[in-house]
Amino acid sequence: MGEIFSYSIASGILLAAMYLIYKWMLAGENQHRYNRAVLWSIYGASAILPLIIPAIKAMSDRPTKMLDAVTEIAIGTPQMALIETTPPLLPRVLLGIYIIGMASASVYTMLVAIRLIRIVTSGEKHRIGQHTLVLTDTPGVAPFSWLRYIVMSRADHEASGDVITVHETRHLDARHWIDLLMAQIIAIFQWYNPAAWLKREELKA
């Protein structure tokens, strides 16, 4: 887990830096496919660069070595030396906070997924080509698409069902739900990084 924590820090720093550059240079551009490709390139670069660039890899390895030093007990070390040596508390606290945050983000994601599944399974279904339209009576549900489902309330369907269906069909055809799924997974591992959550919102946009 220490290795994941260290890698997450290095990757998160790169993600935040590249996200700021993106916002400065490209966020105002109305070229959705190009912006989507750039956002995915940022994800890929922030994931790969800490593994291949020596300077970044060293930065990534440093917290791991600190955490390993905290937990390592040398065989044969005299008992008195162990008593006199107090391992630093901060690395253990940071690792514990990271694990708790990652677990909380995972639980939140699972709860959202369960709610989506319930909405889909309880709704009235109509086949539309390769997709399925789901009409729901669940209050407060805005139109969305997920997997092969297009979900909207009955009121939205009566008001502008055809327009919403065309819009959400384009999302499904472009596999945008995969974008959001991967962005959510990255946000779980970098729950402390505002750039991870902001980039997820950029993909939604």
# chains A, B, ... in the order shown; residues from 1 in each chain; ligands from 1
>>> select_by_dssp(residues="segment 74-185 of chain A", states="strand (DSSP E or B)", output="PyMOL selection string")
chain A and resi 124-128+131-136+144-146+149-153
>>> residues_around(residues="segment 162-164 of chain A", least_positions_apart="2", cutoff="12 Å", atoms="only C-alpha atoms", output="ChimeraX atom specification")
/A:128,133,142-145,150-160,166-171
>>> select_by_dssp(residues="chain A", states="helix (DSSP H, G or I)", output="number ranges by chain")
A: 2-25, 32-52, 54-71, 79-84, 89-122, 154-173, 176-189, 194-204
>>> closest_atom_pairs(of="segment 101-197 of chain A", to="segment 42-54 of chain A", cutoff="10 Å", atoms="only C-alpha atoms", output="CSV")
residue,atom,partner,partner_atom,distance
A:Met182,CA,A:Tyr43,CA,9.6
A:Ala183,CA,A:Tyr43,CA,8.7
A:Ile186,CA,A:Tyr43,CA,8.7
A:Ala196,CA,A:Tyr43,CA,9.3
>>> closest_residue(among="A:Met25, A:Tyr149, A:Leu20, A:Ser104", to="Glu124 of chain A", atoms="only C-alpha atoms")
A:Tyr149
>>> residues_around(residues="Ala17 of chain A", least_positions_apart="4", cutoff="12 Å", atoms="only C-alpha atoms", output="number ranges by chain")
A: 10-13, 21-24, 42-43, 45-46, 193-196, 199
>>> closest_residue(among="A:Val141, A:Leu39, A:Leu94, A:Leu172", to="Ala205 of chain A", atoms="only C-alpha atoms")
A:Leu39
>>> closest_residue(among="A:Tyr19, A:Ala103, A:Arg92, A:His131", to="Asn35 of chain A", atoms="only C-alpha atoms")
A:Tyr19
>>> residues_around(residues="Leu147 of chain A", least_positions_apart="5", cutoff="10 Å", atoms="only C-alpha atoms", output="ChimeraX atom specification")
/A:131-132,172,175-178
>>> closest_residue(among="A:Leu90, A:Gln130, A:Ala113, A:Leu95", to="Ser6 of chain A", atoms="only C-alpha atoms")
A:Leu95
